[in-house]
$ cat my_file_27.txt   # compact mmCIF, C-alpha atoms and all ligand atoms
# COMPACT_ATOMS: atom_id res chain seq x y z
CA MET A 1 5.80 -18.97 5.57
CA LEU A 2 6.65 -18.34 9.22
CA ILE A 3 4.10 -16.68 11.45
CA LYS A 4 5.14 -13.03 11.61
CA ASN A 5 5.52 -12.78 15.37
CA LYS A 6 8.20 -15.46 15.39
CA ALA A 7 9.85 -14.16 12.26
CA TRP A 8 10.07 -10.58 13.50
CA PRO A 9 11.28 -10.52 17.11
CA GLN A 10 11.16 -6.71 17.03
CA LEU A 11 7.36 -6.79 16.76
CA LYS A 12 5.57 -6.15 20.05
CA LYS A 13 1.89 -6.46 20.85
CA ASN A 14 -0.08 -3.25 20.19
CA GLU A 15 3.03 -1.34 19.11
CA PRO A 16 3.89 -0.66 15.48
CA LEU A 17 7.26 -1.87 14.26
CA ILE A 18 9.14 1.28 13.30
CA ILE A 19 11.70 1.34 10.51
CA ALA A 20 13.33 4.75 10.22
CA GLY A 21 16.37 6.29 8.61
CA PRO A 22 17.29 8.40 5.62
CA CYS A 23 16.15 7.85 2.07
CA SER A 24 19.85 7.68 1.16
CA ALA A 25 23.09 7.28 3.05
CA GLU A 26 24.97 10.44 2.05
CA THR A 27 28.00 10.78 4.31
CA GLU A 28 29.28 8.76 7.25
CA GLU A 29 28.50 11.70 9.52
CA GLN A 30 24.91 12.04 8.28
CA VAL A 31 24.32 8.29 8.70
CA MET A 32 25.77 8.22 12.23
CA GLN A 33 24.11 11.44 13.44
CA THR A 34 20.70 10.37 12.11
CA ALA A 35 21.05 6.95 13.75
CA LYS A 36 22.11 8.48 17.07
CA ALA A 37 19.15 10.87 17.12
CA LEU A 38 16.69 8.16 16.06
CA LYS A 39 18.02 5.77 18.67
CA SER A 40 17.08 8.25 21.40
CA ASP A 41 13.45 7.36 20.64
CA ASN A 42 13.38 3.75 21.76
CA ARG A 43 10.40 2.97 19.52
CA VAL A 44 12.66 2.87 16.45
CA ASN A 45 13.30 -0.85 15.83
CA ILE A 46 15.17 -0.96 12.52
CA TYR A 47 17.47 1.53 10.77
CA ARG A 48 17.10 1.97 7.01
CA ALA A 49 19.29 3.77 4.45
CA GLY A 50 19.52 3.34 0.69
CA ILE A 51 23.02 3.09 -0.75
CA TRP A 52 22.07 2.15 -4.32
CA LYS A 53 19.21 4.42 -5.34
CA PRO A 54 16.87 3.67 -8.24
CA ARG A 55 16.12 7.16 -9.55
CA THR A 56 13.49 8.02 -12.12
CA LYS A 57 15.85 10.14 -14.21
CA PRO A 58 19.61 9.91 -14.78
CA GLY A 59 21.67 12.68 -13.31
CA SER A 60 20.04 12.61 -9.86
CA PHE A 61 22.03 11.33 -6.89
CA GLU A 62 22.20 7.56 -7.35
CA GLY A 63 23.53 6.61 -3.95
CA VAL A 64 27.01 6.40 -2.42
CA GLY A 65 27.32 2.71 -3.33
CA SER A 66 29.36 0.05 -1.52
CA ILE A 67 31.21 2.56 0.66
CA GLY A 68 27.98 3.05 2.65
CA LEU A 69 27.99 -0.58 3.81
CA ALA A 70 30.72 0.15 6.33
CA TRP A 71 28.73 3.12 7.71
CA LEU A 72 25.72 0.88 8.30
CA ARG A 73 27.92 -1.71 9.96
CA ARG A 74 29.04 1.05 12.33
CA VAL A 75 25.39 1.93 13.10
CA LYS A 76 24.67 -1.71 13.90
CA LYS A 77 27.74 -2.00 16.13
CA GLU A 78 27.53 1.32 17.97
CA PHE A 79 23.75 1.56 18.41
CA GLY A 80 22.84 -2.15 18.51
CA ILE A 81 20.04 -1.69 15.98
CA PRO A 82 19.39 -3.98 12.96
CA VAL A 83 20.11 -2.29 9.63
CA ALA A 84 18.28 -2.55 6.31
CA ILE A 85 19.22 -1.58 2.75
CA GLU A 86 17.64 -1.86 -0.69
CA VAL A 87 18.99 -4.45 -3.12
CA ALA A 88 18.18 -4.50 -6.82
CA ASN A 89 20.48 -7.17 -8.25
CA ALA A 90 22.69 -10.16 -7.36
CA LYS A 91 25.78 -7.98 -6.87
CA HIS A 92 23.96 -5.87 -4.25
CA VAL A 93 22.83 -9.03 -2.46
CA GLY A 94 26.36 -10.47 -2.40
CA GLU A 95 27.83 -7.27 -0.98
CA ALA A 96 25.04 -6.78 1.58
CA LEU A 97 25.40 -10.31 2.91
CA LYS A 98 29.18 -10.00 3.10
CA ALA A 99 28.81 -6.75 5.05
CA GLY A 100 26.47 -8.35 7.60
CA ILE A 101 23.38 -6.24 6.73
CA ASP A 102 20.46 -7.62 8.77
CA ILE A 103 17.45 -6.98 6.54
CA LEU A 104 17.07 -6.42 2.80
CA TRP A 105 14.33 -4.63 0.95
CA ILE A 106 13.25 -4.80 -2.65
CA GLY A 107 12.19 -1.46 -4.11
CA ALA A 108 8.98 -0.74 -6.01
CA ARG A 109 10.66 -0.51 -9.42
CA THR A 110 12.42 -3.83 -8.84
CA THR A 111 9.29 -5.67 -7.64
CA ALA A 112 7.70 -4.70 -10.96
CA ASN A 113 10.41 -6.65 -12.83
CA PRO A 114 10.24 -10.46 -12.44
CA PHE A 115 13.68 -10.94 -14.05
CA ALA A 116 15.31 -8.74 -11.41
CA VAL A 117 13.36 -10.38 -8.57
CA GLN A 118 14.35 -13.83 -9.81
CA GLU A 119 18.01 -12.77 -9.95
CA ILE A 120 17.77 -11.59 -6.33
CA ALA A 121 15.99 -14.78 -5.29
CA ASP A 122 18.69 -16.91 -6.92
CA ALA A 123 21.39 -14.93 -5.13
CA LEU A 124 19.58 -15.55 -1.83
CA LYS A 125 19.30 -19.35 -2.19
CA GLY A 126 20.18 -20.99 1.10
CA VAL A 127 20.43 -17.66 2.99
CA ASP A 128 18.23 -16.97 6.00
CA ILE A 129 17.64 -13.23 5.98
CA PRO A 130 14.39 -11.24 6.36
CA VAL A 131 13.28 -9.52 3.16
CA LEU A 132 10.85 -6.63 2.83
CA VAL A 133 9.09 -6.43 -0.52
CA LYS A 134 7.64 -3.09 -1.61
CA ASN A 135 4.54 -3.11 -3.77
CA PRO A 136 5.29 -2.65 -7.49
CA VAL A 137 4.90 0.83 -9.00
CA ASN A 138 1.64 -0.27 -10.63
CA PRO A 139 -1.45 -1.47 -8.72
CA ASP A 140 -0.83 -5.16 -9.41
CA VAL A 141 -1.23 -7.33 -6.32
CA ALA A 142 -0.41 -10.51 -8.26
CA LEU A 143 2.98 -9.05 -9.22
CA TRP A 144 3.61 -8.12 -5.57
CA ILE A 145 2.73 -11.62 -4.38
CA GLY A 146 4.67 -13.12 -7.30
CA ALA A 147 7.85 -11.43 -6.03
CA ILE A 148 7.26 -12.84 -2.55
CA GLU A 149 6.67 -16.29 -4.04
CA ARG A 150 9.94 -16.17 -6.00
CA LEU A 151 11.81 -15.43 -2.76
CA SER A 152 9.85 -18.05 -0.86
CA LYS A 153 10.78 -20.67 -3.47
CA ALA A 154 14.42 -19.72 -2.97
CA GLY A 155 14.05 -20.56 0.74
CA ILE A 156 13.40 -17.14 2.31
CA THR A 157 10.96 -17.55 5.22
CA ARG A 158 10.83 -14.11 6.85
CA PHE A 159 8.93 -11.53 4.86
CA GLY A 160 7.41 -8.13 5.19
CA ALA A 161 5.23 -6.49 2.57
CA VAL A 162 5.77 -2.74 2.32
CA HIS A 163 2.88 -0.69 0.98
CA ARG A 164 4.28 2.48 -0.68
CA GLY A 165 1.48 3.40 -3.08
CA VAL A 166 1.46 3.43 -6.88
CA SER A 167 2.30 5.86 -9.69
CA GLN A 168 -0.51 7.84 -11.17
CA PHE A 169 -0.93 9.98 -14.25
CA GLU A 170 -3.21 12.57 -12.72
CA LYS A 171 -1.87 15.01 -10.14
CA SER A 172 -3.17 14.43 -6.63
CA SER A 173 -2.19 15.33 -3.10
CA PHE A 174 -0.21 12.06 -2.91
CA ARG A 175 3.11 11.37 -4.62
CA ASN A 176 2.01 7.75 -4.99
CA ASN A 177 -1.66 6.94 -4.70
CA PRO A 178 -2.23 4.66 -1.70
CA GLU A 179 -4.84 2.38 -3.33
CA TRP A 180 -5.55 0.89 0.10
CA GLN A 181 -7.62 -1.89 -1.46
CA MET A 182 -4.33 -3.45 -2.67
CA VAL A 183 -3.47 -4.15 0.93
CA VAL A 184 -6.87 -5.65 1.68
CA GLU A 185 -6.36 -8.03 -1.25
CA LEU A 186 -2.79 -8.88 -0.28
CA ARG A 187 -3.90 -9.68 3.23
CA GLU A 188 -6.67 -11.95 1.97
CA GLN A 189 -4.07 -13.99 0.11
CA LEU A 190 -1.23 -13.80 2.64
CA PRO A 191 -2.93 -13.36 6.02
CA ASP A 192 0.25 -13.97 8.04
CA ILE A 193 2.58 -11.56 6.32
CA LEU A 194 4.06 -8.66 8.24
CA LEU A 195 2.48 -5.55 6.76
CA ILE A 196 4.42 -2.29 6.81
CA ASN A 197 3.17 1.05 5.53
CA ASP A 198 5.58 3.54 3.92
CA PRO A 199 3.81 6.89 4.38
CA SER A 200 6.89 8.76 3.11
CA HIS A 201 6.70 7.55 -0.49
CA ILE A 202 2.89 7.68 -0.48
CA SER A 203 2.86 11.28 0.76
CA GLY A 204 5.83 12.84 -1.00
CA ASN A 205 5.71 15.62 1.58
CA ARG A 206 6.17 15.53 5.33
CA GLU A 207 2.88 17.27 6.16
CA LEU A 208 0.85 14.27 5.06
CA ILE A 209 2.87 11.60 6.87
CA HIS A 210 0.95 11.63 10.12
CA LYS A 211 -2.41 11.30 8.39
CA VAL A 212 -1.29 8.40 6.20
CA SER A 213 0.36 6.67 9.18
CA GLN A 214 -2.84 6.98 11.20
CA THR A 215 -4.88 5.47 8.36
CA ALA A 216 -2.38 2.59 8.21
CA MET A 217 -2.73 2.00 11.94
CA ASP A 218 -6.51 2.01 11.62
CA LEU A 219 -6.21 -0.61 8.88
CA ASN A 220 -4.21 -2.86 11.25
CA PHE A 221 -0.81 -2.49 9.67
CA ASP A 222 2.01 -4.01 11.74
CA GLY A 223 4.43 -1.17 11.27
CA LEU A 224 5.69 1.94 9.50
CA MET A 225 8.74 2.76 7.42
CA ILE A 226 9.34 6.50 7.72
CA GLU A 227 12.21 8.29 6.00
CA SER A 228 14.05 10.36 8.58
CA HIS A 229 17.10 12.58 8.18
CA ILE A 230 19.16 14.64 10.57
CA GLU A 231 18.68 17.67 8.24
CA PRO A 232 15.70 16.78 6.04
CA ASP A 233 15.70 19.98 3.99
CA ASN A 234 19.26 19.36 2.88
CA ALA A 235 18.73 15.71 1.95
CA TRP A 236 20.27 14.59 -1.35
CA SER A 237 17.13 12.63 -2.30
CA ASP A 238 13.44 12.88 -1.35
CA ALA A 239 14.03 16.00 0.79
CA ALA A 240 10.37 17.13 0.91
CA GLN A 241 9.12 13.90 2.44
CA GLN A 242 11.84 13.26 5.03
CA VAL A 243 11.29 14.20 8.66
CA SER A 244 13.79 15.03 11.38
CA PRO A 245 14.17 12.55 14.27
CA GLN A 246 12.28 15.04 16.45
CA GLN A 247 9.43 15.26 13.96
CA LEU A 248 9.33 11.47 13.86
CA THR A 249 8.90 11.40 17.62
CA THR A 250 6.03 13.90 17.35
CA ILE A 251 4.36 11.80 14.63
CA LEU A 252 4.66 8.65 16.75
CA ASN A 253 3.38 10.44 19.86
CA ARG A 254 0.30 11.61 17.99
CA LEU A 255 -0.54 8.17 16.60
CA ILE A 256 -3.59 6.52 18.09
CA ILE A 257 -3.20 2.77 18.20
CA ARG A 258 -6.54 1.02 18.33
CA ALA A 259 -6.93 -2.73 18.75
CA GLU A 260 -9.04 -4.78 16.34
CA THR A 261 -10.95 -6.23 19.26
CA PRO A 262 -9.84 -4.54 22.50
CA GLU A 263 -9.91 -6.80 25.54
CA GLY A 264 -12.83 -6.58 27.91
CA ILE A 265 -15.20 -4.56 25.74
CA GLU A 266 -18.87 -5.33 25.30
CA LEU A 267 -19.43 -6.32 21.66
CA LYS A 268 -23.21 -6.50 21.92
CA ASN A 269 -23.89 -2.99 20.61
CA ILE A 270 -21.65 -3.27 17.58
CA ASP A 271 -23.09 -6.75 16.89
CA GLU A 272 -26.54 -5.16 16.59
CA LEU A 273 -25.22 -2.52 14.19
CA ARG A 274 -23.46 -5.22 12.15
CA LYS A 275 -26.74 -7.14 11.87
CA SER A 276 -28.31 -4.00 10.40
CA ILE A 277 -25.43 -3.65 7.92
CA ASN A 278 -25.79 -7.31 6.87
CA PHE A 279 -29.51 -6.78 6.33
CA ILE A 280 -28.93 -3.63 4.28
CA ASP A 281 -26.29 -5.38 2.14
CA GLU A 282 -28.69 -8.24 1.44
CA GLN A 283 -31.30 -5.74 0.32
CA ILE A 284 -28.79 -4.08 -2.02
CA ILE A 285 -28.08 -7.48 -3.60
CA ASP A 286 -31.80 -8.29 -3.92
CA LEU A 287 -32.38 -4.94 -5.59
CA LEU A 288 -29.50 -5.50 -8.00
CA SER A 289 -31.01 -8.85 -8.93
CA TYR A 290 -34.40 -7.22 -9.50
CA ARG A 291 -32.68 -4.52 -11.57
CA SER A 292 -30.91 -7.10 -13.72
CA ASN A 293 -34.25 -8.74 -14.58
CA VAL A 294 -35.57 -5.39 -15.78
CA ILE A 295 -32.35 -4.95 -17.81
CA LYS A 296 -33.12 -8.19 -19.64
CA ASP A 297 -36.55 -6.86 -20.65
CA ILE A 298 -34.97 -3.62 -21.81
CA ALA A 299 -32.50 -5.63 -23.91
CA LYS A 300 -35.40 -7.47 -25.57
CA PHE A 301 -37.10 -4.17 -26.39
CA LYS A 302 -33.90 -2.68 -27.85
CA LEU A 303 -33.24 -5.77 -29.96
CA ASN A 304 -36.75 -5.95 -31.34
CA ASN A 305 -36.79 -2.22 -32.13
CA GLY A 306 -33.27 -1.83 -33.52
CA MET A 307 -32.05 0.43 -30.72
CA THR A 308 -28.39 0.74 -29.61
CA VAL A 309 -27.44 -0.61 -26.21
CA PHE A 310 -25.77 2.61 -25.10
CA GLN A 311 -27.96 5.68 -24.89
CA LYS A 312 -25.63 8.58 -24.13
CA ASN A 313 -28.18 11.21 -23.09
CA ARG A 314 -30.13 8.82 -20.93
CA TRP A 315 -26.93 7.75 -19.11
CA SER A 316 -25.63 11.27 -18.42
CA SER A 317 -28.98 12.58 -17.20
CA LEU A 318 -29.44 9.51 -14.99
CA LEU A 319 -26.00 9.88 -13.44
CA ALA A 320 -26.53 13.61 -12.80
CA LYS A 321 -29.92 12.90 -11.22
CA HIS A 322 -28.49 10.19 -8.93
CA GLN A 323 -25.61 12.41 -7.84
CA LYS A 324 -27.96 15.28 -7.01
CA HIS A 325 -30.17 12.94 -5.02
CA ALA A 326 -27.13 11.55 -3.19
CA GLU A 327 -25.91 15.02 -2.28
CA LYS A 328 -29.30 15.82 -0.74
CA LEU A 329 -28.83 12.75 1.47
CA SER A 330 -25.27 13.87 2.41
CA LEU A 331 -23.71 11.04 0.42
CA ASP A 332 -20.48 11.58 -1.48
CA PRO A 333 -21.46 12.04 -5.18
CA LYS A 334 -18.09 10.47 -6.14
CA LEU A 335 -19.17 7.24 -4.42
CA ILE A 336 -22.47 7.28 -6.26
CA SER A 337 -20.67 7.89 -9.53
CA LYS A 338 -18.34 4.91 -8.91
CA VAL A 339 -21.20 2.61 -7.90
CA PHE A 340 -23.37 3.56 -10.87
CA HIS A 341 -20.51 3.35 -13.35
CA ALA A 342 -20.02 -0.26 -12.20
CA ILE A 343 -23.76 -1.02 -12.34
CA HIS A 344 -24.14 0.63 -15.74
CA GLN A 345 -21.11 -1.16 -17.19
CA ASN A 346 -22.53 -4.46 -16.01
CA SER A 347 -25.89 -3.63 -17.53
CA ILE A 348 -24.24 -2.79 -20.87
CA ASN A 349 -22.38 -6.12 -20.81
CA THR A 350 -25.61 -8.02 -20.07
CA GLN A 351 -27.47 -6.24 -22.87
CA ASN A 352 -24.60 -6.75 -25.33
CA ASN A 353 -24.53 -10.46 -24.60
CA LEU A 354 -28.28 -10.76 -25.03
CA LEU A 355 -28.42 -8.68 -28.20
CA ASN A 356 -25.63 -10.60 -29.84
CA LYS A 357 -26.79 -14.08 -28.87
CA SER A 358 -29.82 -14.20 -31.10
CA ASP A 359 -31.55 -11.94 -33.59
CA LYS A 360 -34.86 -11.90 -31.78
CA ILE A 361 -35.78 -12.73 -28.23
CA THR A 362 -39.27 -13.73 -27.39
C1 LIG B 1 13.15 4.14 -0.87
O1 LIG B 1 12.62 3.49 0.04
O2 LIG B 1 13.98 5.01 -0.69
C2 LIG B 1 12.69 3.90 -2.26
C3 LIG B 1 13.45 4.13 -3.31
O3 LIG B 1 11.42 3.51 -2.29
P1 LIG B 1 10.48 2.95 -3.46
O4 LIG B 1 11.14 1.72 -3.99
O5 LIG B 1 9.24 2.67 -2.70
O6 LIG B 1 10.33 4.04 -4.47
MN MN B 2 13.17 7.65 -0.79
$ encode --input "my_file_27.txt" --output "structure tokens" --more "lines below"
Ligand code: PEP
Ligand code: MN
Amino acid sequence: MLIKNKAWPQLKKNEPLIIAGPCSAETEEQVMQTAKALKSDNRVNIYRAGIWKPRTKPGSFEGVGSIGLAWLRRVKKEFGIPVAIEVANAKHVGEALKAGIDILWIGARTTANPFAVQEIADALKGVDIPVLVKNPVNPDVALWIGAIERLSKAGITRFGAVHRGVSQFEKSSFRNNPEWQMVVELREQLPDILLINDPSHISGNRELIHKVSQTAMDLNFDGLMIESHIEPDNAWSDAAQQVSPQQLTTILNRLIIRAETPEGIELKNIDELRKSINFIDEQIIDLLSYRSNVIKDIAKFKLNNGMTVFQKNRWSSLLAKHQKHAEKLSLDPKLISKVFHAIHQNSINTQNNLLNKSDKIT
């Protein structure tokens, strides 16, 4: 895979790559007016617009289709900006390439389907075009990487991974839960990939976009894909999350871009703090090891006295006690609950293994 800086000439040092444009191309006028207004902010590097729209339910606006290709070609010609569209099958790829589209993206629903990704990869054999791959709708990093691998095997060398969050059953303030740890994992496996955040589909409403974008910048993302529309409230799809070109400018102005290791700073103080953190982490591990030895003794007792592994009342009172204690120390009780659920689950597994290995342990 090519190093991202060579693969993406639009990427500048300490500046996020900005992909902006409407969720959907609706009319030629809307596409051109949005592009013109976005172009007046010279930080916008790539223009996006969906022409084939994968909608959750039938009956919603499903995109203008092939007619929109000519509108994007006009944007490219008149404003000199590379254009990107979503492709979901071989027919889309064929038409996009014929129309001279510069960048393709694979949507979240498509990434989740290896048959569809393979069809796209086959249609791209021997073509040198950058492809952005959105994370699948479910929190499955292997599936995300699998899609990139299918394209890589077909000869694609320029990639971007777009983080757009994942579906969730429970209602939350996000339309798609960010699950930021997906990105940490992706980066561990593909350290050179261009990483773009899509705060629009994570947020689902424009008020949250700045906050999500700032988090992405603080996690060292390379860029942002932000849905922007000349009249967001009248958009034919995803109206609540689209911003006007002016609002986009405000969001970008407010962003604080911090460097991972800014030049010329004295690292001595943070080094000291990091030493403390390392020491604390080692102590946590030592304590967990000590705890697991006690667990083994408890397992022996339970086995020899015919007790069940899981003791419901003991577990709920313990968790409540730990959370109360944590709150007194100004720690988030949700964190404590997560940590102790993991510890407790592990302890149950250990005890189960021991209890079922032999009838009596001495
Ligand atoms: C989009 O970018 O308009 C889109 C449909 O996104 P996603 O595939 O992330 O839902
Ligand atoms: Mn959209």
$ residues_near_ligand --input "my_file_27.txt" --ligand "ligand MN 2 (chain B)" --cutoff "8 Å" --atoms "all atoms listed in the file" --output "compact mmCIF listing (two decimals) with C-alpha atoms, in the coordinates of the input"
# COMPACT_ATOMS: atom_id res chain seq x y z
CA PRO A 22 17.29 8.40 5.62
CA CYS A 23 16.15 7.85 2.07
CA SER A 24 19.85 7.68 1.16
CA GLY A 50 19.52 3.34 0.69
CA SER A 200 6.89 8.76 3.11
CA HIS A 201 6.70 7.55 -0.49
CA GLU A 227 12.21 8.29 6.00
CA SER A 237 17.13 12.63 -2.30
CA ASP A 238 13.44 12.88 -1.35
$ residues_near_ligand --input "my_file_27.txt" --ligand "ligand LIG 1 (chain B)" --cutoff "10 Å" --atoms "all atoms listed in the file" --output "VMD selection string"
chain A and resid 21 to 24 48 to 56 85 to 86 88 105 to 111 133 to 137 162 to 167 176 198 to 202 225 to 227 237 to 238
$ closest_residue --input "my_file_27.txt" --among "A:Asp128, A:Glu78, A:Glu207, A:Glu149" --to "A:Met32" --atoms "all atoms listed in the file"
A:Glu78
$ residues_around --input "my_file_27.txt" --residues "A:Asn14" --least-positions-apart "6" --cutoff "9 Å" --atoms "all atoms listed in the file" --output "JSON, numbers by chain"
{"A": [222, 257, 258, 259]}
$ atom_distance --input "my_file_27.txt" --atom1 "atom CA of A:Thr308" --atom2 "atom CA of A:Thr350"
13.2 Å
$ atom_distance --input "my_file_27.txt" --atom1 "atom CA of A:Gln181" --atom2 "atom CA of A:Leu104"
25.5 Å
$ closest_residue --input "my_file_27.txt" --among "A:Ile295, A:Val127, A:Leu255, A:Leu11" --to "A:Val44" --atoms "all atoms listed in the file"
A:Leu11
$ residues_around --input "my_file_27.txt" --residues "A:Leu288" --least-positions-apart "3" --cutoff "12 Å" --atoms "only C-alpha atoms" --output "number ranges by chain"
A: 281-285, 291-295, 339-340, 342-344, 346-347
$ closest_residue --input "my_file_27.txt" --among "A:Leu335, A:Leu252, A:Leu132, A:Ala240" --to "A:Leu194" --atoms "all atoms listed in the file"
A:Leu132
$ axis_aligned_box --input "my_file_27.txt" --around "stretch 51-66 of chain A" --padding-each-side "6 Å" --output "JSON"
{"center_x": 21.4, "center_y": 6.4, "center_z": -7.8, "size_x": 27.9, "size_y": 24.6, "size_z": 26.0}
$ atom_distance --input "my_file_27.txt" --atom1 "atom CA of A:Ile209" --atom2 "atom CA of A:Ile18"
13.7 Å
$ build_atoms --input "my_file_27.txt" --residues "stretch 128-142 of chain A" --atoms "N, CA, C and O atoms" --output "compact mmCIF listing (two decimals), in the coordinates of the input"
# COMPACT_ATOMS: atom_id res chain seq x y z
N ASP A 128 19.38 -17.22 5.13
CA ASP A 128 18.23 -16.97 6.00
C ASP A 128 18.26 -15.51 6.44
O ASP A 128 18.87 -15.17 7.45
N ILE A 129 17.64 -14.67 5.67
CA ILE A 129 17.64 -13.23 5.98
C ILE A 129 16.21 -12.70 5.75
O ILE A 129 15.54 -13.15 4.82
N PRO A 130 15.74 -11.80 6.61
CA PRO A 130 14.39 -11.24 6.36
C PRO A 130 14.42 -10.31 5.15
O PRO A 130 15.37 -9.55 4.96
N VAL A 131 13.36 -10.37 4.35
CA VAL A 131 13.28 -9.52 3.16
C VAL A 131 11.95 -8.77 3.16
O VAL A 131 10.88 -9.37 3.32
N LEU A 132 12.05 -7.46 2.97
CA LEU A 132 10.85 -6.63 2.83
C LEU A 132 10.62 -6.41 1.35
O LEU A 132 11.56 -6.08 0.62
N VAL A 133 9.38 -6.59 0.91
CA VAL A 133 9.09 -6.43 -0.52
C VAL A 133 8.10 -5.29 -0.70
O VAL A 133 6.96 -5.35 -0.23
N LYS A 134 8.55 -4.22 -1.36
CA LYS A 134 7.64 -3.09 -1.61
C LYS A 134 6.66 -3.46 -2.71
O LYS A 134 6.97 -4.29 -3.57
N ASN A 135 5.48 -2.83 -2.68
CA ASN A 135 4.54 -3.11 -3.77
C ASN A 135 5.12 -2.54 -5.07
O ASN A 135 5.90 -1.59 -5.05
N PRO A 136 4.77 -3.18 -6.23
CA PRO A 136 5.29 -2.65 -7.49
C PRO A 136 4.74 -1.25 -7.76
O PRO A 136 3.76 -0.84 -7.14
N VAL A 137 5.34 -0.54 -8.71
CA VAL A 137 4.90 0.83 -9.00
C VAL A 137 3.49 0.90 -9.59
O VAL A 137 2.87 1.95 -9.60
N ASN A 138 3.01 -0.22 -10.08
CA ASN A 138 1.64 -0.27 -10.63
C ASN A 138 0.74 -1.06 -9.67
O ASN A 138 1.23 -1.90 -8.92
N PRO A 139 -0.57 -0.82 -9.71
CA PRO A 139 -1.45 -1.47 -8.72
C PRO A 139 -1.73 -2.93 -9.08
O PRO A 139 -2.84 -3.28 -9.43
N ASP A 140 -0.70 -3.77 -9.00
CA ASP A 140 -0.83 -5.16 -9.41
C ASP A 140 -0.45 -6.06 -8.24
O ASP A 140 0.73 -6.33 -7.99
N VAL A 141 -1.48 -6.53 -7.53
CA VAL A 141 -1.23 -7.33 -6.32
C VAL A 141 -0.58 -8.67 -6.69
O VAL A 141 0.26 -9.20 -5.96
N ALA A 142 -0.97 -9.23 -7.86
CA ALA A 142 -0.41 -10.51 -8.26
C ALA A 142 1.11 -10.40 -8.46
O ALA A 142 1.87 -11.30 -8.09
